[in-house]
file data05.txt (compact mmCIF, C-alpha atoms)
# COMPACT_ATOMS: atom_id res chain seq x y z
CA MET A 1 -35.15 11.65 -9.87
CA LEU A 2 -34.37 8.21 -11.19
CA ASN A 3 -31.10 7.08 -9.64
CA LYS A 4 -30.80 4.05 -11.92
CA LYS A 5 -28.46 3.39 -14.80
CA THR A 6 -30.00 3.92 -18.23
CA ILE A 7 -29.14 2.57 -21.67
CA GLU A 8 -26.82 5.56 -22.13
CA ASP A 9 -24.68 4.48 -19.15
CA ILE A 10 -23.63 1.16 -20.65
CA ASP A 11 -21.65 -0.06 -23.66
CA VAL A 12 -23.86 -2.22 -25.89
CA GLN A 13 -21.79 -2.45 -29.07
CA ASN A 14 -21.87 -5.99 -30.51
CA LYS A 15 -23.52 -7.17 -27.29
CA ARG A 16 -26.69 -9.22 -27.05
CA VAL A 17 -29.19 -7.06 -25.18
CA LEU A 18 -32.39 -8.52 -23.73
CA VAL A 19 -35.05 -5.79 -23.71
CA ARG A 20 -38.27 -6.27 -21.72
CA CYS A 21 -40.95 -4.22 -23.45
CA ASP A 22 -44.66 -3.92 -22.88
CA PHE A 23 -46.14 -5.20 -26.14
CA ASN A 24 -49.42 -6.19 -24.47
CA VAL A 25 -51.48 -4.55 -27.22
CA PRO A 26 -55.21 -4.98 -27.88
CA LEU A 27 -56.14 -7.36 -30.73
CA ASN A 28 -59.42 -7.79 -32.60
CA GLU A 29 -61.13 -11.12 -33.36
CA ALA A 30 -58.96 -11.56 -36.46
CA GLY A 31 -55.82 -11.20 -34.34
CA GLU A 32 -54.94 -7.75 -35.72
CA ILE A 33 -53.58 -4.97 -33.51
CA THR A 34 -56.20 -2.28 -32.89
CA ASP A 35 -53.86 0.16 -31.10
CA ASP A 36 -50.07 0.02 -31.46
CA LYS A 37 -49.30 2.83 -28.99
CA ARG A 38 -47.33 0.54 -26.67
CA ILE A 39 -45.19 -0.71 -29.54
CA ARG A 40 -44.49 2.85 -30.71
CA GLU A 41 -43.62 3.93 -27.15
CA SER A 42 -40.81 1.35 -27.10
CA LEU A 43 -39.21 2.53 -30.37
CA PRO A 44 -36.89 5.23 -28.93
CA THR A 45 -35.15 2.63 -26.74
CA ILE A 46 -34.99 -0.01 -29.49
CA LYS A 47 -33.72 2.46 -32.10
CA TYR A 48 -31.04 3.81 -29.76
CA LEU A 49 -29.75 0.28 -29.08
CA LEU A 50 -29.76 -0.57 -32.79
CA SER A 51 -27.88 2.64 -33.60
CA LYS A 52 -25.19 1.66 -31.08
CA GLY A 53 -24.69 -1.72 -32.77
CA ALA A 54 -26.46 -3.87 -30.17
CA LYS A 55 -27.95 -7.29 -30.99
CA VAL A 56 -31.44 -6.68 -29.64
CA ILE A 57 -33.50 -9.55 -28.22
CA LEU A 58 -36.99 -8.30 -27.43
CA CYS A 59 -39.38 -9.94 -24.98
CA SER A 60 -42.84 -9.20 -23.60
CA HIS A 61 -46.02 -10.74 -22.28
CA MET A 62 -49.41 -10.61 -24.01
CA GLY A 63 -52.71 -11.25 -22.28
CA ARG A 64 -53.14 -14.03 -19.74
CA PRO A 65 -52.18 -17.40 -21.24
CA LYS A 66 -51.94 -18.85 -17.69
CA GLY A 67 -48.50 -20.40 -18.11
CA GLU A 68 -49.32 -22.45 -21.21
CA PHE A 69 -48.39 -22.19 -24.88
CA ASN A 70 -51.61 -20.72 -26.28
CA MET A 71 -51.21 -19.30 -29.79
CA LYS A 72 -54.14 -16.95 -29.26
CA TYR A 73 -51.61 -14.95 -27.23
CA SER A 74 -48.68 -15.28 -29.65
CA LEU A 75 -46.55 -12.19 -30.27
CA ALA A 76 -46.73 -12.84 -34.05
CA PRO A 77 -48.83 -9.67 -34.73
CA VAL A 78 -46.25 -7.68 -32.73
CA ALA A 79 -43.34 -9.08 -34.78
CA LYS A 80 -45.20 -8.06 -37.94
CA ARG A 81 -45.84 -4.50 -36.69
CA LEU A 82 -42.26 -4.11 -35.43
CA SER A 83 -40.95 -5.21 -38.82
CA GLU A 84 -43.02 -2.44 -40.46
CA LEU A 85 -41.92 0.20 -37.97
CA LEU A 86 -38.22 -0.71 -37.99
CA GLY A 87 -37.92 -1.34 -41.70
CA PHE A 88 -36.45 -4.84 -41.47
CA GLU A 89 -37.81 -8.27 -40.63
CA VAL A 90 -38.03 -8.88 -36.89
CA LYS A 91 -38.01 -12.67 -36.63
CA LEU A 92 -40.14 -14.33 -33.97
CA ALA A 93 -38.85 -17.36 -32.04
CA LYS A 94 -41.21 -20.30 -31.67
CA ASP A 95 -40.48 -20.49 -27.94
CA VAL A 96 -39.20 -18.45 -24.98
CA ILE A 97 -36.11 -20.21 -23.62
CA GLY A 98 -36.08 -23.23 -25.97
CA PRO A 99 -33.89 -24.07 -28.98
CA SER A 100 -35.63 -21.60 -31.33
CA ALA A 101 -35.11 -18.62 -28.99
CA LYS A 102 -31.50 -19.64 -28.27
CA GLU A 103 -30.72 -20.04 -31.96
CA LEU A 104 -32.31 -16.68 -32.90
CA ALA A 105 -30.53 -14.86 -30.05
CA ALA A 106 -27.16 -16.41 -30.95
CA SER A 107 -27.47 -15.58 -34.64
CA CYS A 108 -28.79 -12.01 -34.22
CA GLU A 109 -26.54 -9.50 -35.98
CA SER A 110 -25.39 -6.14 -34.60
CA GLY A 111 -27.92 -3.41 -35.39
CA LYS A 112 -30.76 -5.93 -35.76
CA ALA A 113 -33.57 -7.13 -33.48
CA VAL A 114 -35.40 -10.42 -32.87
CA LEU A 115 -38.41 -11.24 -30.71
CA ILE A 116 -38.94 -14.25 -28.46
CA GLU A 117 -42.41 -15.65 -27.70
CA ASN A 118 -44.75 -14.53 -24.92
CA VAL A 119 -42.88 -14.91 -21.60
CA ARG A 120 -46.15 -15.83 -19.86
CA PHE A 121 -46.29 -19.10 -21.83
CA HIS A 122 -44.22 -20.35 -18.85
CA LYS A 123 -45.87 -20.34 -15.42
CA GLU A 124 -42.40 -19.68 -13.95
CA GLU A 125 -42.51 -16.14 -15.37
CA GLU A 126 -45.14 -14.79 -12.96
CA LYS A 127 -43.65 -16.80 -10.08
CA ASN A 128 -40.28 -15.12 -10.72
CA ASP A 129 -38.66 -18.56 -10.75
CA PRO A 130 -34.84 -18.15 -10.49
CA ALA A 131 -34.04 -21.07 -12.84
CA PHE A 132 -36.34 -19.62 -15.51
CA ALA A 133 -34.91 -16.11 -15.02
CA LYS A 134 -31.40 -17.52 -15.38
CA GLU A 135 -32.32 -19.30 -18.65
CA LEU A 136 -33.85 -16.08 -19.97
CA ALA A 137 -30.75 -14.13 -18.94
CA SER A 138 -28.51 -16.65 -20.71
CA LEU A 139 -29.83 -15.34 -24.05
CA ALA A 140 -28.01 -12.03 -23.54
CA GLU A 141 -25.15 -10.07 -21.99
CA VAL A 142 -27.06 -6.97 -20.92
CA TYR A 143 -30.64 -6.49 -19.66
CA VAL A 144 -32.81 -3.45 -20.34
CA ASN A 145 -36.22 -2.98 -18.71
CA ASP A 146 -38.47 -0.62 -20.63
CA ALA A 147 -41.83 -2.10 -19.63
CA PHE A 148 -43.18 0.47 -17.20
CA GLY A 149 -46.66 -1.08 -17.35
CA THR A 150 -45.42 -4.28 -15.66
CA SER A 151 -42.69 -2.79 -13.47
CA HIS A 152 -44.94 -3.11 -10.39
CA ARG A 153 -44.78 -6.89 -10.79
CA ALA A 154 -41.81 -8.93 -9.57
CA HIS A 155 -41.77 -11.37 -12.48
CA ALA A 156 -38.82 -13.22 -14.00
CA SER A 157 -38.61 -10.96 -17.07
CA THR A 158 -39.23 -7.72 -15.15
CA ALA A 159 -37.06 -8.27 -12.08
CA GLY A 160 -35.55 -11.78 -11.89
CA VAL A 161 -33.17 -11.50 -14.86
CA ALA A 162 -31.52 -8.47 -13.23
CA ASP A 163 -29.85 -10.90 -10.80
CA TYR A 164 -27.82 -12.39 -13.66
CA LEU A 165 -27.01 -9.48 -15.99
CA PRO A 166 -25.99 -5.82 -15.85
CA ALA A 167 -29.46 -4.21 -15.69
CA VAL A 168 -30.45 -0.73 -16.87
CA CYS A 169 -33.66 1.06 -17.85
CA GLY A 170 -34.83 2.29 -21.24
CA TYR A 171 -36.16 5.71 -22.21
CA LEU A 172 -39.81 4.93 -21.48
CA ILE A 173 -39.25 3.98 -17.85
CA GLN A 174 -36.91 6.95 -17.46
CA LYS A 175 -39.57 9.32 -18.81
CA GLU A 176 -42.35 7.85 -16.66
CA ILE A 177 -40.37 8.08 -13.43
CA ASP A 178 -38.90 11.51 -14.14
CA VAL A 179 -42.21 13.15 -15.08
CA MET A 180 -44.28 11.60 -12.29
CA GLY A 181 -41.44 11.82 -9.77
CA LYS A 182 -41.00 15.56 -10.35
CA ALA A 183 -44.74 16.17 -10.09
CA LEU A 184 -44.80 14.50 -6.67
CA ALA A 185 -41.52 15.88 -5.32
CA ASP A 186 -41.61 19.43 -6.66
CA PRO A 187 -44.98 20.25 -8.23
CA LYS A 188 -45.86 23.53 -9.88
CA ARG A 189 -48.71 24.82 -7.68
CA PRO A 190 -51.60 24.71 -7.20
CA PHE A 191 -51.30 20.90 -7.40
CA VAL A 192 -54.66 19.28 -8.20
CA ALA A 193 -55.23 15.51 -8.13
CA ILE A 194 -58.36 14.07 -9.74
CA LEU A 195 -59.28 10.54 -8.72
CA GLY A 196 -62.20 8.60 -10.12
CA GLY A 197 -63.15 5.03 -10.87
CA ALA A 198 -65.31 2.51 -9.11
CA LYS A 199 -63.59 1.59 -5.89
CA VAL A 200 -62.13 3.56 -3.00
CA SER A 201 -60.23 0.43 -2.03
CA ASP A 202 -58.17 0.65 -5.26
CA LYS A 203 -57.15 4.22 -4.52
CA ILE A 204 -56.75 4.38 -0.71
CA GLY A 205 -52.95 4.37 -0.85
CA VAL A 206 -52.91 7.04 -3.52
CA ILE A 207 -55.34 9.28 -1.63
CA VAL A 208 -53.37 8.98 1.61
CA ASN A 209 -50.04 9.64 -0.15
CA LEU A 210 -51.41 12.64 -2.08
CA ILE A 211 -53.08 14.31 0.92
CA GLY A 212 -49.65 15.40 2.12
CA LYS A 213 -48.72 16.80 -1.31
CA VAL A 214 -51.69 18.31 -3.15
CA ASP A 215 -53.58 21.58 -2.70
CA THR A 216 -56.86 20.23 -4.06
CA LEU A 217 -58.13 16.67 -4.24
CA ILE A 218 -61.10 15.99 -6.53
CA ILE A 219 -63.01 12.74 -6.09
CA GLY A 220 -65.49 11.54 -8.70
CA GLY A 221 -66.70 8.25 -10.14
CA ALA A 222 -68.45 5.59 -8.09
CA MET A 223 -65.99 5.98 -5.24
CA ALA A 224 -67.62 9.33 -4.45
CA TYR A 225 -70.77 7.51 -3.20
CA THR A 226 -68.78 5.87 -0.41
CA PHE A 227 -67.69 9.37 0.67
CA ALA A 228 -71.29 10.63 0.38
CA LYS A 229 -72.38 7.79 2.68
CA ALA A 230 -69.58 8.71 5.10
CA GLN A 231 -71.08 12.19 5.35
CA GLY A 232 -74.50 10.76 6.12
CA GLY A 233 -75.88 11.27 2.62
CA LYS A 234 -78.51 9.18 0.82
CA THR A 235 -76.96 7.14 -2.00
CA GLY A 236 -79.96 5.18 -3.34
CA ILE A 237 -78.83 2.00 -5.09
CA SER A 238 -75.47 3.51 -6.12
CA ARG A 239 -72.34 1.44 -5.73
CA VAL A 240 -71.08 1.93 -2.17
CA GLU A 241 -68.27 0.03 -0.47
CA GLU A 242 -69.94 -0.39 2.90
CA ASP A 243 -66.76 -1.69 4.55
CA LYS A 244 -64.88 1.47 3.49
CA VAL A 245 -67.29 4.08 4.85
CA ASP A 246 -65.28 4.58 8.07
CA LEU A 247 -62.10 4.87 6.04
CA ALA A 248 -63.71 7.54 3.84
CA ARG A 249 -64.66 9.44 7.00
CA ASP A 250 -61.06 9.17 8.17
CA ILE A 251 -59.77 10.48 4.81
CA LEU A 252 -62.14 13.46 4.99
CA ALA A 253 -60.77 14.29 8.45
CA LYS A 254 -57.14 13.89 7.30
CA ALA A 255 -57.70 16.20 4.33
CA LYS A 256 -59.28 18.81 6.59
CA ALA A 257 -56.39 18.59 9.06
CA ALA A 258 -53.85 18.95 6.24
CA GLY A 259 -55.64 22.00 4.84
CA VAL A 260 -56.32 20.22 1.56
CA LYS A 261 -59.37 21.31 -0.37
CA LEU A 262 -61.30 18.07 -0.98
CA LEU A 263 -63.96 18.43 -3.66
CA LEU A 264 -66.76 15.88 -3.89
CA PRO A 265 -69.68 15.94 -6.34
CA VAL A 266 -72.52 18.34 -5.45
CA ASP A 267 -74.95 16.71 -7.90
CA THR A 268 -75.16 13.40 -9.74
CA ALA A 269 -76.55 12.08 -13.01
CA CYS A 270 -78.66 9.10 -11.89
CA ALA A 271 -80.72 6.37 -13.52
CA LYS A 272 -82.98 3.50 -12.44
CA GLU A 273 -80.82 0.86 -14.07
CA PHE A 274 -77.27 0.30 -15.25
CA ASP A 275 -78.08 0.77 -18.92
CA ALA A 276 -76.54 2.81 -21.75
CA ASN A 277 -79.95 4.24 -22.71
CA ALA A 278 -81.33 4.77 -19.23
CA GLU A 279 -83.23 7.98 -18.58
CA ILE A 280 -81.18 10.53 -16.62
CA THR A 281 -82.42 12.18 -13.42
CA VAL A 282 -80.12 14.72 -11.78
CA CYS A 283 -80.07 14.46 -7.97
CA GLU A 284 -78.36 16.51 -5.32
CA GLU A 285 -75.29 14.47 -4.35
CA ASN A 286 -76.23 13.51 -0.81
CA ASN A 287 -79.86 12.98 -1.68
CA ILE A 288 -80.17 10.24 -4.29
CA ALA A 289 -83.66 8.70 -4.35
CA ASP A 290 -83.99 5.12 -3.07
CA ASP A 291 -84.62 3.62 -6.52
CA LEU A 292 -81.84 5.49 -8.35
CA MET A 293 -78.12 4.89 -8.88
CA GLY A 294 -75.46 7.50 -9.64
CA LEU A 295 -73.72 6.92 -13.00
CA ASP A 296 -71.92 10.24 -13.63
CA ILE A 297 -71.24 13.60 -12.02
CA GLY A 298 -73.96 16.22 -12.54
CA PRO A 299 -73.78 19.64 -14.31
CA LYS A 300 -73.03 21.72 -11.16
CA THR A 301 -70.22 19.31 -10.28
CA VAL A 302 -68.80 19.61 -13.80
CA ASP A 303 -68.58 23.39 -13.28
CA LEU A 304 -67.08 23.01 -9.79
CA PHE A 305 -64.39 20.53 -10.90
CA CYS A 306 -63.52 22.40 -14.09
CA GLU A 307 -63.12 25.66 -12.18
CA ALA A 308 -60.56 23.99 -9.85
CA ILE A 309 -58.68 22.54 -12.83
CA LYS A 310 -58.59 25.83 -14.74
CA ASN A 311 -56.10 27.50 -12.42
CA ALA A 312 -53.97 24.46 -11.60
CA GLY A 313 -50.19 24.38 -12.01
CA THR A 314 -49.97 20.58 -11.95
CA VAL A 315 -52.77 18.06 -12.55
CA VAL A 316 -52.59 14.32 -11.93
CA TRP A 317 -55.65 12.43 -13.14
CA ASN A 318 -56.49 8.77 -12.59
CA GLY A 319 -59.94 7.27 -13.14
CA PRO A 320 -63.13 8.33 -14.94
CA MET A 321 -65.91 10.47 -13.42
CA GLY A 322 -68.72 8.13 -14.43
CA VAL A 323 -69.63 5.11 -16.55
CA PHE A 324 -67.51 6.33 -19.43
CA GLU A 325 -68.41 3.34 -21.65
CA PHE A 326 -71.98 4.67 -21.90
CA PRO A 327 -71.92 7.92 -23.98
CA ARG A 328 -74.80 9.41 -21.95
CA PHE A 329 -72.79 8.98 -18.76
CA ALA A 330 -69.44 10.08 -20.20
CA VAL A 331 -70.28 13.78 -19.90
CA GLY A 332 -68.34 14.34 -16.68
CA THR A 333 -65.24 12.48 -17.86
CA LYS A 334 -65.28 14.38 -21.17
CA ALA A 335 -65.63 17.73 -19.40
CA VAL A 336 -62.72 16.97 -17.07
CA ALA A 337 -60.56 15.82 -20.01
CA LYS A 338 -61.35 19.04 -21.87
CA ALA A 339 -60.62 21.21 -18.81
CA VAL A 340 -57.26 19.50 -18.25
CA ALA A 341 -56.38 19.83 -21.96
CA GLU A 342 -57.25 23.53 -22.00
CA SER A 343 -55.46 24.40 -18.75
CA ASP A 344 -51.84 25.59 -18.68
CA ALA A 345 -51.04 22.95 -16.07
CA ILE A 346 -48.42 20.23 -16.28
CA SER A 347 -50.86 17.37 -16.88
CA ILE A 348 -50.16 13.75 -16.02
CA ILE A 349 -52.72 11.12 -16.95
CA GLY A 350 -52.20 7.94 -14.92
CA GLY A 351 -52.84 5.21 -17.46
CA GLY A 352 -55.86 2.91 -17.59
CA ASP A 353 -59.33 4.32 -18.29
CA SER A 354 -58.30 7.98 -18.02
CA ALA A 355 -55.61 7.45 -20.66
CA ALA A 356 -58.16 5.69 -22.90
CA ALA A 357 -60.62 8.56 -22.40
CA VAL A 358 -58.05 11.22 -23.27
CA GLU A 359 -56.90 9.31 -26.38
CA GLN A 360 -60.48 8.65 -27.52
CA LEU A 361 -61.51 12.28 -27.13
CA GLY A 362 -58.52 13.49 -29.12
CA TYR A 363 -56.83 15.40 -26.28
CA ALA A 364 -53.72 13.21 -26.07
CA ASP A 365 -51.39 15.77 -27.68
CA LYS A 366 -52.54 18.44 -25.22
CA MET A 367 -51.35 16.45 -22.18
CA THR A 368 -47.81 16.67 -20.81
CA HIS A 369 -47.62 12.96 -20.10
CA ILE A 370 -49.90 9.95 -20.50
CA SER A 371 -48.63 7.01 -18.50
CA THR A 372 -48.40 3.63 -20.23
CA GLY A 373 -49.09 1.76 -16.99
CA GLY A 374 -52.37 1.86 -15.08
CA GLY A 375 -51.44 -0.31 -12.09
CA ALA A 376 -47.80 0.75 -12.15
CA SER A 377 -48.60 4.46 -12.18
CA LEU A 378 -51.10 3.99 -9.35
CA GLU A 379 -48.49 2.24 -7.20
CA PHE A 380 -45.94 4.92 -8.05
CA LEU A 381 -48.42 7.66 -7.02
CA GLU A 382 -48.97 5.70 -3.82
CA GLY A 383 -45.27 6.10 -3.06
CA LYS A 384 -44.55 2.38 -3.40
CA GLU A 385 -41.27 1.05 -4.76
CA LEU A 386 -41.70 -0.81 -8.04
CA PRO A 387 -39.81 -4.14 -8.12
CA GLY A 388 -39.01 -3.90 -11.84
CA ILE A 389 -37.23 -0.62 -11.24
CA MET A 390 -35.68 -1.46 -7.86
CA ALA A 391 -33.94 -4.44 -9.51
CA LEU A 392 -31.95 -2.23 -11.88
CA ASN A 393 -28.34 -1.12 -11.26
CA ASP A 394 -27.89 2.16 -9.40
CA LYS A 395 -25.96 4.96 -11.09
call {"tool": "encode", "arguments": {"input": "data05.txt", "output": "structure tokens"}}
result
Amino acid sequence: MLNKKTIEDIDVQNKRVLVRCDFNVPLNEAGEITDDKRIRESLPTIKYLLSKGAKVILCSHMGRPKGEFNMKYSLAPVAKRLSELLGFEVKLAKDVIGPSAKELAASCESGKAVLIENVRFHKEEEKNDPAFAKELASLAEVYVNDAFGTSHRAHASTAGVADYLPAVCGYLIQKEIDVMGKALADPKRPFVAILGGAKVSDKIGVIVNLIGKVDTLIIGGAMAYTFAKAQGGKTGISRVEEDKVDLARDILAKAKAAGVKLLLPVDTACAKEFDANAEITVCEENNIADDLMGLDIGPKTVDLFCEAIKNAGTVVWNGPMGVFEFPRFAVGTKAVAKAVAESDAISIIGGGDSAAAVEQLGYADKMTHISTGGGASLEFLEGKELPGIMALNDK
């Protein structure tokens, strides 16, 4: 499992602790938080540090301010929500490494927390600039990374500061790595992976890495049409990555050689245009009419996929089965979510759209683990090392 030091391996009493969280929460037009899940996920780490008498200096990014101070991306709504959740005022600095941040960090009391402004207000953050990382590190005596969602990025606040301070992980990163790591290293069998979404190119690494580990690989979403094409099927005007057809053929051969059961759709819910109210025509998977595009898996495929999920010991799911934003074409994704929720399997939902689907459908509490990082969980499932975690001190 995770061979990195955690917050429990280090003395934080009366020490200034810089904690990188993922407070990149969705806001509405009025600048109010519409979903505070990411803030709540960071509370166990923050509360532990406060209980041990640390002076907690929180930092995060929000949106894409492109290296400029843009108050549309201020962490002010986050400071307000944190104050409500923690029961005391969490003051927000006016800057990141300027006089306001330095003054707040220096005056923070033991058992209290402050928040500095959006680290991406400086272009040096995403460039992992050493001088910027050093300035950030100078605010504290210990560094804690608890932002799993950005741990696949080598930025100043996720990796760079670890060069200047003792660096450990928080509970959220520990949980993410332990749950997903165990599923990959020692899964309860049968191990079923469900991959969906638009592009094969986004998931190649994951597919290749999982072929050696899973018993059944289910492929849905638009990426299935590239596989249909690879098998000589007719895909109409469905989204196909022409330059990945050979690769899909290669993956089919690899799965066969490894004895992995690879399930592709056997029928498809199609329409003439990409429209929420488009009329549905169900086609056999490899025989989509020339003027139709596939937008969801069909009813026979729903049965096929759900049957495979029913008896699974471990399920990893990343990516929807169709155009989930359109209710008419969310049938497949909903059915898969329900099947995973009702199975006895250890279920891991790999962030992004699948996590949103599970939350929206009310199945979140039935899943073993819902990852907080889409890109990070994908790279972890690919077997890649994540820079934000590699930078931490080993046990």
call {"tool": "closest_residue", "arguments": {"input": "data05.txt", "among": "A:Gly319, A:Asp291, A:Glu241, A:Gly160", "to": "Asp129 (chain A)", "atoms": "all atoms listed in the file"}}
result
A:Gly160
call {"tool": "residues_around", "arguments": {"input": "data05.txt", "residues": "Ala198 (chain A)", "least_positions_apart": "4", "cutoff": "8 Å", "atoms": "all atoms listed in the file", "output": "list in words"}}
result
Gly221, Ala222, Met223 and Arg239 of chain A
call {"tool": "atom_distance", "arguments": {"input": "data05.txt", "atom1": "CA of Gln231 (chain A)", "atom2": "CA of Pro299 (chain A)"}}
result
21.2 Å
call {"tool": "closest_atom_pairs", "arguments": {"input": "data05.txt", "of": "region 49-148 of chain A", "to": "region 31-36 of chain A", "cutoff": "8 Å", "atoms": "all atoms listed in the file", "output": "CSV"}}
result
residue,atom,partner,partner_atom,distance
A:Lys72,CA,A:Gly31,CA,7.9
A:Pro77,CA,A:Glu32,CA,6.5
A:Val78,CA,A:Ile33,CA,7.9
call {"tool": "closest_residue", "arguments": {"input": "data05.txt", "among": "A:Met71, A:Val144, A:Ala156, A:Ile348", "to": "Ile173 (chain A)", "atoms": "only C-alpha atoms"}}
result
A:Val144
call {"tool": "closest_residue", "arguments": {"input": "data05.txt", "among": "A:Met62, A:Ala224, A:Leu82, A:Ile389", "to": "Glu117 (chain A)", "atoms": "all atoms listed in the file"}}
result
A:Met62
call {"tool": "residues_around", "arguments": {"input": "data05.txt", "residues": "Lys213 (chain A)", "least_positions_apart": "4", "cutoff": "8 Å", "atoms": "all atoms listed in the file", "output": "PDB file with C-alpha atoms, in the coordinates of the input"}}
result
ATOM      1  CA  LEU A 184     -44.800  14.500  -6.670  1.00  0.00           C
ATOM      2  CA  PHE A 191     -51.300  20.900  -7.400  1.00  0.00           C
ATOM      3  CA  ASN A 209     -50.040   9.640  -0.150  1.00  0.00           C
TER       4      ASN A 209
END
call {"tool": "residues_around", "arguments": {"input": "data05.txt", "residues": "region 17-22 of chain A", "least_positions_apart": "3", "cutoff": "8 Å", "atoms": "only C-alpha atoms", "output": "list in words"}}
result
Val12, Arg38, Ile39, Ser42, Ala54, Lys55, Val56, Ile57, Leu58, Cys59, Ser60, His61, Ala137, Leu139, Ala140, Glu141, Val142, Tyr143, Val144, Asn145, Asp146, Ala147, Phe148, Gly149, Thr150, Ser157 and Thr158 of chain A
call {"tool": "atom_distance", "arguments": {"input": "data05.txt", "atom1": "CA of Asn287 (chain A)", "atom2": "CA of Gly259 (chain A)"}}
result
26.7 Å
call {"tool": "residues_around", "arguments": {"input": "data05.txt", "residues": "Ser354 (chain A)", "least_positions_apart": "2", "cutoff": "12 Å", "atoms": "all atoms listed in the file", "output": "ChimeraX atom specification"}}
result
/A:194-197,221,316-325,330,332-334,336-337,340,348-352,356-361,363-364,367,369-374,377-378
call {"tool": "closest_residue", "arguments": {"input": "data05.txt", "among": "A:Phe380, A:Tyr171, A:Phe227, A:Phe274", "to": "Leu43 (chain A)", "atoms": "only C-alpha atoms"}}
result
A:Tyr171
call {"tool": "residues_around", "arguments": {"input": "data05.txt", "residues": "Lys384 (chain A)", "least_positions_apart": "6", "cutoff": "12 Å", "atoms": "only C-alpha atoms", "output": "short mmCIF file (atom, residue, chain, number, x, y, z; two decimals) with C-alpha atoms, keeping the file's coordinate frame"}}
result
data_model
loop_
_atom_site.label_atom_id
_atom_site.label_comp_id
_atom_site.auth_asym_id
_atom_site.auth_seq_id
_atom_site.Cartn_x
_atom_site.Cartn_y
_atom_site.Cartn_z
CA SER A 151 -42.69 -2.79 -13.47
CA HIS A 152 -44.94 -3.11 -10.39
CA ARG A 153 -44.78 -6.89 -10.79
CA GLY A 181 -41.44 11.82 -9.77
CA GLY A 205 -52.95 4.37 -0.85
CA VAL A 206 -52.91 7.04 -3.52
CA ASN A 209 -50.04 9.64 -0.15
CA GLY A 375 -51.44 -0.31 -12.09
CA ALA A 376 -47.80 0.75 -12.15
CA SER A 377 -48.60 4.46 -12.18
CA LEU A 378 -51.10 3.99 -9.35
CA MET A 390 -35.68 -1.46 -7.86
#
call {"tool": "atom_distance", "arguments": {"input": "data05.txt", "atom1": "CA of Thr6 (chain A)", "atom2": "CA of Glu109 (chain A)"}}
result
22.5 Å
call {"tool": "decode", "arguments": {"input": "data05.txt", "residues": "region 199-208 of chain A", "atoms": "N, CA, C and O atoms", "output": "PDB file, in the first residue's frame"}}
result
ATOM      1  N   LYS A 199     -13.684   8.918 -25.559  1.00  0.00           N
ATOM      2  CA  LYS A 199     -12.499   8.646 -26.360  1.00  0.00           C
ATOM      3  C   LYS A 199     -11.658   7.471 -25.874  1.00  0.00           C
ATOM      4  O   LYS A 199     -11.316   7.388 -24.709  1.00  0.00           O
ATOM      5  N   VAL A 200     -11.336   6.593 -26.790  1.00  0.00           N
ATOM      6  CA  VAL A 200     -10.426   5.480 -26.492  1.00  0.00           C
ATOM      7  C   VAL A 200      -9.075   6.055 -26.078  1.00  0.00           C
ATOM      8  O   VAL A 200      -8.422   5.561 -25.166  1.00  0.00           O
ATOM      9  N   SER A 201      -8.673   7.142 -26.760  1.00  0.00           N
ATOM     10  CA  SER A 201      -7.335   7.691 -26.520  1.00  0.00           C
ATOM     11  C   SER A 201      -7.141   8.103 -25.057  1.00  0.00           C
ATOM     12  O   SER A 201      -6.043   8.029 -24.521  1.00  0.00           O
ATOM     13  N   ASP A 202      -8.247   8.512 -24.372  1.00  0.00           N
ATOM     14  CA  ASP A 202      -8.140   8.879 -22.959  1.00  0.00           C
ATOM     15  C   ASP A 202      -7.908   7.670 -22.066  1.00  0.00           C
ATOM     16  O   ASP A 202      -7.410   7.792 -20.959  1.00  0.00           O
ATOM     17  N   LYS A 203      -8.319   6.507 -22.557  1.00  0.00           N
ATOM     18  CA  LYS A 203      -8.337   5.326 -21.674  1.00  0.00           C
ATOM     19  C   LYS A 203      -7.373   4.205 -22.105  1.00  0.00           C
ATOM     20  O   LYS A 203      -7.373   3.155 -21.496  1.00  0.00           O
ATOM     21  N   ILE A 204      -6.576   4.450 -23.153  1.00  0.00           N
ATOM     22  CA  ILE A 204      -5.685   3.388 -23.647  1.00  0.00           C
ATOM     23  C   ILE A 204      -4.836   2.804 -22.533  1.00  0.00           C
ATOM     24  O   ILE A 204      -4.785   1.596 -22.312  1.00  0.00           O
ATOM     25  N   GLY A 205      -4.158   3.697 -21.808  1.00  0.00           N
ATOM     26  CA  GLY A 205      -3.249   3.251 -20.739  1.00  0.00           C
ATOM     27  C   GLY A 205      -3.961   2.427 -19.697  1.00  0.00           C
ATOM     28  O   GLY A 205      -3.447   1.411 -19.217  1.00  0.00           O
ATOM     29  N   VAL A 206      -5.180   2.844 -19.358  1.00  0.00           N
ATOM     30  CA  VAL A 206      -5.958   2.129 -18.350  1.00  0.00           C
ATOM     31  C   VAL A 206      -6.331   0.741 -18.871  1.00  0.00           C
ATOM     32  O   VAL A 206      -6.172  -0.265 -18.181  1.00  0.00           O
ATOM     33  N   ILE A 207      -6.807   0.701 -20.120  1.00  0.00           N
ATOM     34  CA  ILE A 207      -7.208  -0.586 -20.701  1.00  0.00           C
ATOM     35  C   ILE A 207      -6.030  -1.559 -20.707  1.00  0.00           C
ATOM     36  O   ILE A 207      -6.134  -2.697 -20.260  1.00  0.00           O
ATOM     37  N   VAL A 208      -4.894  -1.084 -21.188  1.00  0.00           N
ATOM     38  CA  VAL A 208      -3.704  -1.948 -21.293  1.00  0.00           C
ATOM     39  C   VAL A 208      -3.270  -2.430 -19.905  1.00  0.00           C
ATOM     40  O   VAL A 208      -2.954  -3.604 -19.704  1.00  0.00           O
TER      41      VAL A 208
END
